[in-house]
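Visitor: Please find work-v4.csv (CSV, C-alpha atoms) on the next line:
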chain,number,residue,atom,x,y,z
Q,16,MET,CA,0.0,0.0,0.0
Q,17,ASP,CA,1.3,3.4,-0.9
Q,18,ARG,CA,0.4,7.0,-0.2
Q,19,LEU,CA,-0.1,8.9,-3.4
Q,20,SER,CA,1.5,12.2,-4.4
Q,21,ASN,CA,-0.8,13.6,-7.1
Q,22,THR,CA,-0.6,16.3,-9.8
Q,23,VAL,CA,-3.1,19.1,-9.9
Q,24,ARG,CA,-3.9,20.3,-13.5
Q,25,PRO,CA,-4.3,24.1,-13.8
Q,26,TYR,CA,-6.9,24.2,-16.6
Q,27,ALA,CA,-8.4,27.7,-17.2
Q,28,TRP,CA,-11.9,26.5,-16.3
Q,29,GLY,CA,-10.8,25.3,-12.8
Q,30,SER,CA,-12.0,26.8,-9.5
Q,31,THR,CA,-9.3,28.7,-7.7
Q,32,THR,CA,-10.7,27.7,-4.3
Q,33,ALA,CA,-12.5,24.3,-4.2
Q,34,ILE,CA,-9.6,21.9,-4.2
Q,35,PRO,CA,-7.5,24.1,-1.8
Q,36,ALA,CA,-10.6,24.3,0.6
Q,37,LEU,CA,-10.9,20.5,0.6
Q,38,LEU,CA,-7.1,20.1,1.2
Q,39,GLY,CA,-7.2,22.7,4.0
Q,40,ILE,CA,-4.5,24.9,2.3
Q,41,ALA,CA,-4.4,28.5,1.1
Q,42,PRO,CA,-5.4,29.1,-2.6
Q,43,THR,CA,-2.7,30.3,-4.9
Q,44,GLY,CA,-4.9,32.4,-7.0
Q,45,GLU,CA,-4.4,30.1,-10.0
Q,46,PRO,CA,-7.1,27.8,-11.2
Q,47,GLN,CA,-6.9,24.2,-9.8
Q,48,ALA,CA,-9.1,22.2,-12.1
Q,49,GLU,CA,-8.3,18.5,-11.6
Q,50,MET,CA,-6.2,16.3,-9.3
Q,51,TRP,CA,-5.3,13.1,-11.0
Q,52,MET,CA,-4.9,9.9,-9.1
Q,53,GLY,CA,-3.7,6.9,-11.0
Q,54,ALA,CA,-1.3,5.8,-13.7
Q,55,HIS,CA,-2.2,8.1,-16.7
Q,56,PRO,CA,1.1,8.6,-18.6
Q,57,GLY,CA,0.4,12.4,-18.8
Q,58,ALA,CA,0.5,12.9,-15.0
Q,59,PRO,CA,1.0,9.6,-13.1
Q,60,SER,CA,0.7,9.6,-9.3
Q,61,ARG,CA,4.0,9.1,-7.5
Q,62,ILE,CA,4.8,6.7,-4.7
Q,63,THR,CA,7.7,5.8,-2.4
Q,64,ARG,CA,8.8,2.2,-2.2
Q,65,THR,CA,11.4,0.6,0.0
Q,66,THR,CA,14.1,-1.4,-1.8
Q,67,ALA,CA,17.3,-3.2,-0.7
Q,68,SER,CA,19.2,0.1,-1.4
Q,69,GLY,CA,16.7,2.2,0.5
Q,70,ALA,CA,13.5,4.2,-0.2
Q,71,ILE,CA,13.0,5.4,-3.7
Q,72,GLU,CA,10.3,7.6,-5.3
Q,73,LEU,CA,8.9,6.5,-8.6
Q,74,ALA,CA,5.8,7.0,-10.7
Q,75,LEU,CA,2.9,4.5,-10.3
Q,76,THR,CA,3.3,3.7,-14.0
Q,77,GLU,CA,6.9,2.5,-13.3
Q,78,ALA,CA,5.8,0.3,-10.4
Q,79,ILE,CA,3.1,-1.3,-12.6
Q,80,ASP,CA,5.4,-1.7,-15.6
Q,81,ALA,CA,7.9,-3.5,-13.4
Q,82,ASP,CA,5.4,-6.1,-12.2
Q,83,PRO,CA,1.9,-5.9,-13.8
Q,84,GLU,CA,0.4,-9.0,-12.3
Q,85,GLY,CA,1.8,-8.3,-8.9
Q,86,GLU,CA,0.3,-4.8,-8.9
Q,87,LEU,CA,-2.9,-5.3,-10.8
Q,88,GLY,CA,-3.6,-9.0,-10.3
Q,89,ALA,CA,-3.7,-11.6,-13.1
Q,90,PRO,CA,-7.4,-11.2,-13.9
Q,91,THR,CA,-7.1,-7.5,-14.4
Q,92,VAL,CA,-4.1,-7.9,-16.7
Q,93,ALA,CA,-5.9,-10.6,-18.7
Q,94,ARG,CA,-8.9,-8.3,-19.2
Q,95,PHE,CA,-7.3,-5.0,-19.8
Q,96,GLY,CA,-3.6,-5.5,-20.4
Q,97,PRO,CA,-0.7,-4.4,-18.2
Q,98,ARG,CA,-2.1,-1.0,-17.2
Q,99,LEU,CA,-4.4,0.4,-14.6
Q,100,PRO,CA,-7.7,0.7,-16.6
Q,101,PHE,CA,-9.2,3.7,-14.7
Q,102,LEU,CA,-8.3,7.2,-13.7
Q,103,LEU,CA,-9.7,8.8,-10.6
Q,104,LYS,CA,-9.9,12.6,-10.2
Q,105,LEU,CA,-11.0,15.4,-8.0
Q,106,LEU,CA,-12.7,17.8,-10.5
Q,107,ALA,CA,-13.4,21.5,-9.5
Q,108,ALA,CA,-15.2,23.5,-12.2
Q,109,GLY,CA,-15.3,27.2,-11.7
Q,110,ALA,CA,-16.4,27.8,-15.3
Q,111,PRO,CA,-18.1,25.6,-17.9
Q,112,LEU,CA,-16.1,22.9,-19.6
Q,113,SER,CA,-16.5,22.2,-23.3
Q,114,VAL,CA,-19.6,20.4,-24.5
Q,115,GLN,CA,-18.2,17.0,-25.4
Q,116,VAL,CA,-18.9,13.4,-26.3
Q,117,HIS,CA,-17.0,10.2,-26.1
Q,118,PRO,CA,-16.9,7.2,-28.6
Q,119,ASP,CA,-17.7,3.7,-27.8
Q,120,LEU,CA,-15.0,1.0,-27.9
Q,121,ASP,CA,-15.5,0.0,-31.5
Q,122,GLN,CA,-15.6,3.6,-32.7
Q,123,ALA,CA,-12.4,4.4,-30.7
Q,124,ARG,CA,-10.6,1.5,-32.2
Q,125,GLU,CA,-11.7,2.3,-35.7
Q,126,GLY,CA,-10.9,6.0,-35.4
Q,127,TYR,CA,-7.5,5.5,-33.9
Q,128,ALA,CA,-6.5,2.9,-36.5
Q,129,ASP,CA,-7.7,5.3,-39.3
Q,130,GLU,CA,-5.7,8.3,-38.0
Q,131,GLU,CA,-2.7,6.1,-37.5
Q,132,ALA,CA,-2.9,4.8,-41.0
Q,133,ARG,CA,-3.2,8.3,-42.4
Q,134,GLY,CA,-0.2,9.4,-40.4
Q,135,VAL,CA,-1.9,12.1,-38.3
Q,136,PRO,CA,0.6,13.0,-35.6
Q,137,ILE,CA,-0.6,12.0,-32.1
Q,138,ASP,CA,-0.1,15.6,-30.8
Q,139,ALA,CA,-1.7,17.3,-33.8
Q,140,PRO,CA,-4.4,19.8,-32.7
Q,141,HIS,CA,-6.8,18.3,-35.3
Q,142,ARG,CA,-6.1,14.7,-34.1
Q,143,THR,CA,-9.4,13.2,-32.7
Q,144,TYR,CA,-8.4,9.8,-31.4
Q,145,LYS,CA,-5.4,9.8,-29.0
Q,146,ASP,CA,-5.8,6.1,-28.2
Q,147,ALA,CA,-7.9,3.0,-29.0
Q,148,ASN,CA,-10.0,3.0,-25.9
Q,149,HIS,CA,-13.5,4.3,-24.9
Q,150,LYS,CA,-14.0,6.8,-22.1
Q,151,PRO,CA,-17.1,6.2,-20.1
Q,152,GLU,CA,-17.1,8.3,-16.9
Q,153,LEU,CA,-19.0,9.0,-13.7
Q,154,ILE,CA,-19.0,12.2,-11.7
Q,155,CYS,CA,-20.1,12.2,-8.0
Q,156,ALA,CA,-20.9,15.5,-6.4
Q,157,LEU,CA,-19.1,16.6,-3.2
Q,158,THR,CA,-20.8,20.0,-3.3
Q,159,PRO,CA,-23.8,21.2,-5.3
Q,160,PHE,CA,-22.8,20.5,-8.9
Q,161,ALA,CA,-24.3,21.8,-12.1
Q,162,GLY,CA,-23.9,20.2,-15.5
Q,163,LEU,CA,-25.5,19.4,-18.9
Q,164,CYS,CA,-26.2,15.7,-19.8
Q,165,GLY,CA,-27.9,14.3,-22.8
Q,166,PHE,CA,-30.5,15.7,-25.2
Q,167,ARG,CA,-33.8,16.8,-23.9
Q,168,PRO,CA,-37.0,16.5,-25.9
Q,169,PRO,CA,-36.8,18.8,-29.0
Q,170,THR,CA,-40.0,20.6,-28.1
Q,171,GLU,CA,-38.5,21.6,-24.7
Q,172,ALA,CA,-35.4,23.0,-26.5
Q,173,ALA,CA,-37.7,24.8,-28.9
Q,174,ASP,CA,-39.6,26.4,-26.0
Q,175,THR,CA,-36.3,27.6,-24.5
Q,176,MET,CA,-35.1,29.2,-27.8
Q,177,GLU,CA,-38.5,30.7,-28.7
Q,178,ALA,CA,-38.9,32.4,-25.4
Q,179,LEU,CA,-35.7,34.4,-26.1
Q,180,GLY,CA,-37.5,36.3,-28.9
Q,181,VAL,CA,-34.4,36.3,-31.2
Q,182,ASP,CA,-35.5,36.2,-34.9
Q,183,SER,CA,-32.4,34.4,-36.1
Q,184,LEU,CA,-33.3,31.4,-33.8
Q,185,LYS,CA,-36.7,30.9,-35.5
Q,186,PRO,CA,-35.3,28.4,-38.1
Q,187,TYR,CA,-33.9,26.2,-35.3
Q,188,VAL,CA,-37.2,26.5,-33.4
Q,189,ASP,CA,-39.2,25.4,-36.5
Q,190,LEU,CA,-36.8,22.4,-37.1
Q,191,LEU,CA,-37.2,21.3,-33.5
Q,192,ARG,CA,-40.9,21.3,-33.8
Q,193,ALA,CA,-41.4,19.9,-37.3
Q,194,HIS,CA,-39.2,16.8,-37.4
Q,195,PRO,CA,-39.1,13.5,-35.7
Q,196,GLU,CA,-36.8,13.6,-32.6
Q,197,GLU,CA,-33.6,12.2,-34.1
Q,198,ALA,CA,-33.8,14.2,-37.3
Q,199,ALA,CA,-34.6,17.4,-35.4
Q,200,LEU,CA,-31.7,17.1,-33.0
Q,201,ARG,CA,-29.3,16.2,-35.8
Q,202,GLU,CA,-30.3,18.9,-38.1
Q,203,VAL,CA,-30.2,21.7,-35.5
Q,204,LEU,CA,-26.9,20.7,-34.1
Q,205,THR,CA,-25.5,20.4,-37.6
Q,206,ALA,CA,-26.9,23.9,-38.5
Q,207,ILE,CA,-25.5,25.4,-35.3
Q,208,LEU,CA,-22.0,24.1,-35.9
Q,209,GLY,CA,-22.0,24.9,-39.6
Q,210,ALA,CA,-23.4,28.4,-39.4
Q,211,ASP,CA,-21.5,31.5,-40.6
Q,212,PRO,CA,-19.2,32.5,-37.6
Q,213,ALA,CA,-20.1,36.2,-37.8
Q,214,GLU,CA,-23.8,35.6,-38.0
Q,215,MET,CA,-23.6,33.0,-35.2
Q,216,THR,CA,-21.7,35.5,-33.0
Q,217,GLU,CA,-24.5,38.0,-33.4
Q,218,THR,CA,-27.2,35.4,-32.7
Q,219,VAL,CA,-25.5,34.1,-29.6
Q,220,THR,CA,-24.9,37.7,-28.3
Q,221,GLU,CA,-28.6,38.5,-28.7
Q,222,ALA,CA,-29.6,35.2,-27.2
Q,223,ALA,CA,-27.3,35.7,-24.2
Q,224,ALA,CA,-28.7,39.2,-23.5
Q,225,ALA,CA,-32.3,37.8,-23.7
Q,226,ALA,CA,-31.4,35.0,-21.3
Q,227,GLU,CA,-29.9,37.5,-18.9
Q,228,ARG,CA,-33.1,39.5,-18.9
Q,229,LEU,CA,-35.4,36.5,-18.5
Q,230,GLY,CA,-33.4,34.8,-15.8
Q,231,GLY,CA,-35.0,31.7,-14.2
Q,232,ALA,CA,-34.5,28.6,-16.3
Q,233,HIS,CA,-32.6,30.8,-18.9
Q,234,ALA,CA,-30.0,32.0,-16.3
Q,235,PRO,CA,-27.6,29.0,-16.9
Q,236,TYR,CA,-27.2,29.9,-20.6
Q,237,ALA,CA,-26.5,33.6,-19.7
Q,238,ARG,CA,-23.7,32.3,-17.4
Q,239,ILE,CA,-22.3,30.0,-20.0
Q,240,ALA,CA,-22.4,32.9,-22.6
Q,241,HIS,CA,-20.5,35.1,-20.1
Q,242,HIS,CA,-17.6,32.7,-20.3
Q,243,PHE,CA,-17.9,32.0,-24.0
Q,244,PRO,CA,-19.3,35.1,-25.7
Q,245,GLY,CA,-20.5,34.4,-29.2
Q,246,ASP,CA,-19.7,30.7,-29.1
Q,247,PRO,CA,-22.2,28.4,-30.9
Q,248,GLY,CA,-21.8,26.0,-28.0
Q,249,VAL,CA,-24.2,28.3,-26.0
Q,250,LEU,CA,-27.0,27.2,-28.4
Q,251,ALA,CA,-25.9,23.6,-28.4
Q,252,ALA,CA,-26.2,23.8,-24.6
Q,253,MET,CA,-29.9,24.7,-24.9
Q,254,LEU,CA,-30.5,21.3,-26.6
Q,255,LEU,CA,-29.3,19.4,-23.4
Q,256,ASN,CA,-30.7,18.6,-20.0
Q,257,TYR,CA,-29.6,21.0,-17.3
Q,258,VAL,CA,-28.9,19.0,-14.1
Q,259,GLN,CA,-28.1,20.1,-10.6
Q,260,LEU,CA,-26.6,17.3,-8.4
Q,261,GLN,CA,-26.6,17.4,-4.6
Q,262,PRO,CA,-23.7,16.0,-2.6
Q,263,GLY,CA,-23.6,12.2,-3.0
Q,264,GLU,CA,-25.5,12.2,-6.2
Q,265,ALA,CA,-23.8,11.2,-9.5
Q,266,LEU,CA,-24.1,11.2,-13.2
Q,267,PHE,CA,-22.9,8.4,-15.6
Q,268,LEU,CA,-21.8,9.5,-19.0
Q,269,GLY,CA,-21.8,6.7,-21.6
Q,270,ALA,CA,-20.7,6.7,-25.2
Q,271,GLY,CA,-22.4,9.2,-27.5
Q,272,VAL,CA,-24.0,11.3,-24.8
Q,273,PRO,CA,-23.2,15.0,-25.1
Q,274,HIS,CA,-22.4,16.6,-21.8
Q,275,ALA,CA,-20.6,19.5,-20.0
Q,276,TYR,CA,-19.8,20.2,-16.4
Q,277,LEU,CA,-20.6,23.8,-15.4
Q,278,ASP,CA,-19.8,24.4,-11.7
Q,279,GLY,CA,-18.9,22.5,-8.5
Q,280,LEU,CA,-16.6,20.0,-6.9
Q,281,GLY,CA,-16.8,16.3,-7.5
Q,282,VAL,CA,-15.1,12.9,-7.6
Q,283,GLU,CA,-14.7,11.7,-11.2
Q,284,ILE,CA,-13.7,8.3,-12.4
Q,285,MET,CA,-13.3,7.2,-16.0
Q,286,ALA,CA,-11.7,4.6,-18.3
Q,287,ASN,CA,-8.1,5.5,-18.9
Q,288,SER,CA,-8.5,7.3,-22.2
Q,289,ASP,CA,-8.0,10.8,-23.8
Q,290,ASN,CA,-10.6,10.4,-26.5
Q,291,VAL,CA,-12.8,13.5,-26.5
Q,292,LEU,CA,-14.9,15.0,-29.4
Q,293,ARG,CA,-15.9,18.6,-28.7
Q,294,CYS,CA,-19.1,20.3,-29.9
Q,295,GLY,CA,-18.8,23.8,-28.4
Q,296,LEU,CA,-17.6,26.1,-25.6
Q,297,THR,CA,-14.0,25.6,-26.7
Q,298,PRO,CA,-11.3,27.2,-28.9
Q,299,LYS,CA,-10.1,23.7,-29.7
Q,300,HIS,CA,-10.7,21.8,-32.9
Q,301,ILE,CA,-14.2,20.5,-33.6
Q,302,ASP,CA,-14.3,17.6,-36.0
Q,303,VAL,CA,-17.9,18.0,-37.1
Q,304,PRO,CA,-18.3,15.0,-39.4
Q,305,GLU,CA,-16.9,12.6,-36.8
Q,306,LEU,CA,-18.9,14.2,-34.1
Q,307,LEU,CA,-22.1,13.7,-36.0
Q,308,ARG,CA,-21.2,10.1,-36.5
Q,309,ILE,CA,-20.5,9.5,-32.8
Q,310,VAL,CA,-23.4,11.5,-31.1
Q,311,ARG,CA,-26.5,9.6,-30.2
Q,312,PHE,CA,-29.4,11.8,-31.3
Q,313,GLU,CA,-32.1,10.8,-28.8
Q,314,ALA,CA,-33.7,12.5,-25.9
Q,315,THR,CA,-32.8,10.9,-22.6
Q,316,GLU,CA,-33.4,11.5,-18.9
Q,317,PRO,CA,-30.2,12.5,-17.2
Q,318,GLY,CA,-30.3,9.5,-14.9
Q,319,VAL,CA,-29.1,10.8,-11.6
Q,320,LEU,CA,-27.5,8.0,-9.6
Q,321,ARG,CA,-27.6,7.5,-5.9
Q,322,PRO,CA,-25.5,4.9,-4.2
Q,323,GLU,CA,-26.8,1.4,-3.5
Q,324,ALA,CA,-26.1,0.4,0.1
Q,325,ALA,CA,-24.7,-3.1,0.9
Q,326,PRO,CA,-24.7,-4.8,4.3
Q,327,SER,CA,-20.9,-4.3,4.5
Q,328,GLY,CA,-21.4,-0.5,4.6
Q,329,GLU,CA,-20.2,0.0,1.0
Q,330,GLU,CA,-22.4,2.3,-1.1
Q,331,LEU,CA,-21.9,1.5,-4.7
Q,332,TYR,CA,-22.6,3.6,-7.8
Q,333,GLU,CA,-23.8,1.1,-10.3
Q,334,THR,CA,-22.5,1.5,-13.9
Q,335,PRO,CA,-22.6,-0.7,-17.0
Q,336,VAL,CA,-18.8,-0.7,-17.5
Q,337,ASP,CA,-16.0,-3.1,-16.7
Q,338,GLU,CA,-13.0,-0.7,-16.3
Q,339,PHE,CA,-14.0,0.9,-13.0
Q,340,ALA,CA,-16.3,0.8,-10.0
Q,341,LEU,CA,-16.8,3.6,-7.6
Q,342,SER,CA,-18.1,3.3,-4.1
Q,343,ARG,CA,-18.3,5.3,-0.8
Q,344,TYR,CA,-17.9,4.4,2.8
Q,345,THR,CA,-19.0,6.5,5.8
Q,346,LEU,CA,-16.9,5.3,8.7
Q,347,ALA,CA,-18.0,6.0,12.2
Q,348,SER,CA,-15.6,6.7,15.1
Q,349,GLY,CA,-14.9,3.7,17.2
Q,350,ALA,CA,-16.5,1.2,14.7
Q,351,ALA,CA,-14.8,-2.0,13.9
Q,352,PRO,CA,-12.3,-1.8,11.0
Q,353,THR,CA,-13.8,-2.2,7.5
Q,354,ASP,CA,-12.1,-4.9,5.4
Q,355,LEU,CA,-11.4,-3.5,1.9
Q,356,THR,CA,-9.2,-6.3,0.6
Q,357,ALA,CA,-9.9,-7.1,-3.1
Q,358,PRO,CA,-8.4,-9.1,-5.9
Q,359,THR,CA,-8.2,-5.9,-8.0
Q,360,PRO,CA,-6.1,-2.7,-7.6
Q,361,GLN,CA,-7.7,0.1,-5.6
Q,362,ILE,CA,-7.3,3.8,-5.1
Q,363,LEU,CA,-8.8,5.1,-1.8
Q,364,LEU,CA,-9.6,8.8,-1.5
Q,365,CYS,CA,-10.6,10.5,1.7
Q,366,THR,CA,-13.1,13.4,1.3
Q,367,ALA,CA,-14.1,14.2,5.0
Q,368,GLY,CA,-12.7,13.5,8.4
Q,369,THR,CA,-9.6,11.4,8.8
Q,370,VAL,CA,-9.5,7.8,7.5
Q,371,THR,CA,-6.8,5.4,8.4
Q,372,VAL,CA,-6.1,2.7,5.8
Q,373,GLY,CA,-3.4,0.2,7.0
Q,374,GLU,CA,-0.8,2.5,8.6
Q,375,ILE,CA,-1.6,5.5,6.4
Q,376,ALA,CA,-3.8,8.3,7.8
Q,377,LEU,CA,-5.6,10.2,5.0
Q,378,LYS,CA,-7.1,13.6,5.4
Q,379,PRO,CA,-9.5,15.2,2.9
Q,380,GLY,CA,-8.1,15.2,-0.6
Q,381,GLU,CA,-5.4,12.6,0.3
Q,382,SER,CA,-5.3,9.2,-1.3
Q,383,ALA,CA,-3.6,5.8,-1.3
Q,384,TYR,CA,-3.0,3.0,-3.8
Q,385,VAL,CA,-3.5,-0.6,-2.8
Q,386,PRO,CA,-2.2,-3.4,-5.1
Q,387,ALA,CA,-4.4,-6.4,-5.9
Q,388,ASP,CA,-4.9,-8.9,-3.1
Q,389,GLU,CA,-3.1,-6.8,-0.5
Q,390,ARG,CA,-4.9,-6.9,2.8
Q,391,VAL,CA,-6.2,-3.5,3.9
Q,392,GLU,CA,-8.6,-2.3,6.6
Q,393,ALA,CA,-10.0,1.2,7.1
Q,394,THR,CA,-11.1,3.1,10.2
Q,395,GLY,CA,-12.7,6.5,10.6
Q,396,PRO,CA,-14.3,8.8,11.4
Q,397,GLY,CA,-14.5,10.0,7.9
Q,398,THR,CA,-15.7,9.5,4.3
Q,399,LEU,CA,-13.7,7.3,1.9
Q,400,PHE,CA,-14.2,6.8,-1.8
Q,401,ARG,CA,-13.0,3.5,-3.3
Q,402,ALA,CA,-12.1,3.2,-6.9
Q,403,THR,CA,-11.3,-0.2,-8.3
Q,404,VAL,CA,-12.0,-2.5,-11.3
Q,405,ALA,CA,-15.6,-3.8,-11.7
Q,406,ALA,CA,-16.1,-7.4,-10.6
Show the structure stored in the file as structure tokens.

Guide:
Amino acid sequence: MDRLSNTVRPYAWGSTTAIPALLGIAPTGEPQAEMWMGAHPGAPSRITRTTASGAIELALTEAIDADPEGELGAPTVARFGPRLPFLLKLLAAGAPLSVQVHPDLDQAREGYADEEARGVPIDAPHRTYKDANHKPELICALTPFAGLCGFRPPTEAADTMEALGVDSLKPYVDLLRAHPEEAALREVLTAILGADPAEMTETVTEAAAAAERLGGAHAPYARIAHHFPGDPGVLAAMLLNYVQLQPGEALFLGAGVPHAYLDGLGVEIMANSDNVLRCGLTPKHIDVPELLRIVRFEATEPGVLRPEAAPSGEELYETPVDEFALSRYTLASGAAPTDLTAPTPQILLCTAGTVTVGEIALKPGESAYVPADERVEATGPGTLFRATVAA
């Protein structure tokens, strides 16, 4: 078992205060968007191991590469190869993230193979597929958390746009009301992303001003437009469900579901991939043809998840993926130790109180890595999130 030293990513959309507040440290004034826990090659966690020659610090990726089956367990290696198949994060949004969607596994493999065959450099700004893996993800709120998730019924989106009273939105309103659901959503998103940039800037500016005046259900779009003036993603956001999570509630984002996080602090877990297709609220490349192939144009309920309690005290967030499982433990003071031993690798994250795992005391925002089959018990008082591979 190892205490993790983790990297905080300073993306511009990050909150300047949420992660420092959880850690109990002073903010630096710079955005602190994501704390990564795991073995992603871009920012692997670091651990300290004792060897015959003394204690050495190394990246978690190095430890896994040196002994994949010893660290991950033979079943995990057989299923996913010699790599940790998930990445755990603390995510702190102070401004909206891009509207984005992720491919399924077959689409990721096909897209990656195609770009490799065409010789598109892996670091090219117009490269869409960075790897051959899918990227399902789950976000669990630690504070009130706002986001967009999945298309809402076209008539509801039409009502939102029509209420703004912007003449240049009328063609979108008419399309949303006149076509079957899938065709309406596809045609409107295609039109938004393909519109003349100058005309779109004027339309979004007028829409944002109207949303500011109306307030209420339109207020989120005014806030989004404040961060992305003139961006067509503001209109794309109006096609999606607006969701407000309370602490402990979660959202699962599967393949093809457009989504964006807007504000709040949460624990996020995902398959270990970098495949993102963007469709607004970003200066980055938008691959419109591939995006339209990947997106699932169907209205869906956001599907807010609440944890399912087990007799062991574990509260599990049920998801339909194999790469990860996320659960939560609320550990009382003086209670008997909770056995967390598992045949899969684990990352344990404290979010409240002080939780002791083995001989490691974790305070809020601190985490530990547990290799497969290593015996580990936890005591509180505190709250502990457990990330591992699905059974």

Visitor: With distances taken over all atoms listed in the file, which residue among Q:Pro83, Q:Gly162, Q:Gly263, Q:Gly395 lies nearest Glu323 in chain Q?

Guide: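 Going through Q:Pro83, Q:Gly162, Q:Gly263, Q:Gly395 one by one, the smallest distance to Glu323 in chain Q is for Q:Gly263.
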
Visitor: What does the distance between CA of Leu292 in chain Q and CA of Glu217 in chain Q come to in Å, to one decimal place?

Guide: 25.2 Å

Visitor: Would you work out the distance separating CA of Arg343 in chain Q from CA of Val291 in chain Q, expressed in Å to one decimal?

Guide: 27.5 Å

Visitor: Tell me, as a VMD selection string, which residues lie within 9 Å of range 301-311 of chain Q, counting only C-alpha atoms; anything in the same chain fewer than 6 positions away does not count.

Guide: chain Q and resid 116 to 119 122 141 to 143 165 to 166 197 201 204 to 205 208 to 209 270 to 273 292 to 295

Visitor: Next, dump the selected residues to file, keeping only C-alpha atoms, as a compact mmCIF listing (two decimals), in the coordinates of the input.

Guide:
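File written: part.txt
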# COMPACT_ATOMS: atom_id res chain seq x y z
CA VAL Q 116 -18.90 13.40 -26.30
CA HIS Q 117 -17.00 10.20 -26.10
CA PRO Q 118 -16.90 7.20 -28.60
CA ASP Q 119 -17.70 3.70 -27.80
CA GLN Q 122 -15.60 3.60 -32.70
CA HIS Q 141 -6.80 18.30 -35.30
CA ARG Q 142 -6.10 14.70 -34.10
CA THR Q 143 -9.40 13.20 -32.70
CA GLY Q 165 -27.90 14.30 -22.80
CA PHE Q 166 -30.50 15.70 -25.20
CA GLU Q 197 -33.60 12.20 -34.10
CA ARG Q 201 -29.30 16.20 -35.80
CA LEU Q 204 -26.90 20.70 -34.10
CA THR Q 205 -25.50 20.40 -37.60
CA LEU Q 208 -22.00 24.10 -35.90
CA GLY Q 209 -22.00 24.90 -39.60
CA ALA Q 270 -20.70 6.70 -25.20
CA GLY Q 271 -22.40 9.20 -27.50
CA VAL Q 272 -24.00 11.30 -24.80
CA PRO Q 273 -23.20 15.00 -25.10
CA LEU Q 292 -14.90 15.00 -29.40
CA ARG Q 293 -15.90 18.60 -28.70
CA CYS Q 294 -19.10 20.30 -29.90
CA GLY Q 295 -18.80 23.80 -28.40

Visitor: How close does range 219-330 of chain Q get to range 53-66 of chain Q? List, as a tab-separated table, each residue of range 219-330 of chain Q within 10 Å, its nearest atom pair and the distance in Å to one decimal, counting only C-alpha atoms.

Guide:
residue	atom	partner	partner_atom	distance
Q:Asn287	CA	Q:His55	CA	6.8
Q:Ser288	CA	Q:His55	CA	8.4
Q:Asp289	CA	Q:His55	CA	9.6

Visitor: Using all atoms listed in the file, which of Q:Met215, Q:Ala48, Q:Ala93, Q:Ile71 sits nearest Ser183 in chain Q?

Guide: Q:Met215

Visitor: Given all atoms listed in the file as the basis, pick out the residue of Q:Tyr144, Q:Trp51, Q:Tyr384, Q:Phe243 nearest to Ile284 in chain Q.

Guide: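 Of the candidates, the smallest distance to Ile284 in chain Q is held by Q:Trp51.
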
Visitor: Would you pick out the contacts of range 184-187 of chain Q at 7 Å or less, using only C-alpha atoms, so that residues sharing its chain but fewer than 4 positions from it are not included, and give the list as a PyMOL selection string?

Guide: chain Q and resi 176+191+203

Visitor: Can you pull out the residues contacting Asp354 in chain Q? Cut-off 10 Å, using all atoms listed in the file, and skip same-chain residues under 6 positions away; I want them as a list in words.

Guide: Ser327, Val372, Arg390, Val391, Glu392, Ala393 and Thr394 of chain Q

Visitor: Using all atoms listed in the file, find the one residue out of Q:Leu179, Q:Ala123, Q:Ala357, Q:Leu112 that sits nearest to Val219 in chain Q.

Guide: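 When distances to Val219 in chain Q are compared using all atoms listed in the file, the smallest one comes from Q:Leu179.
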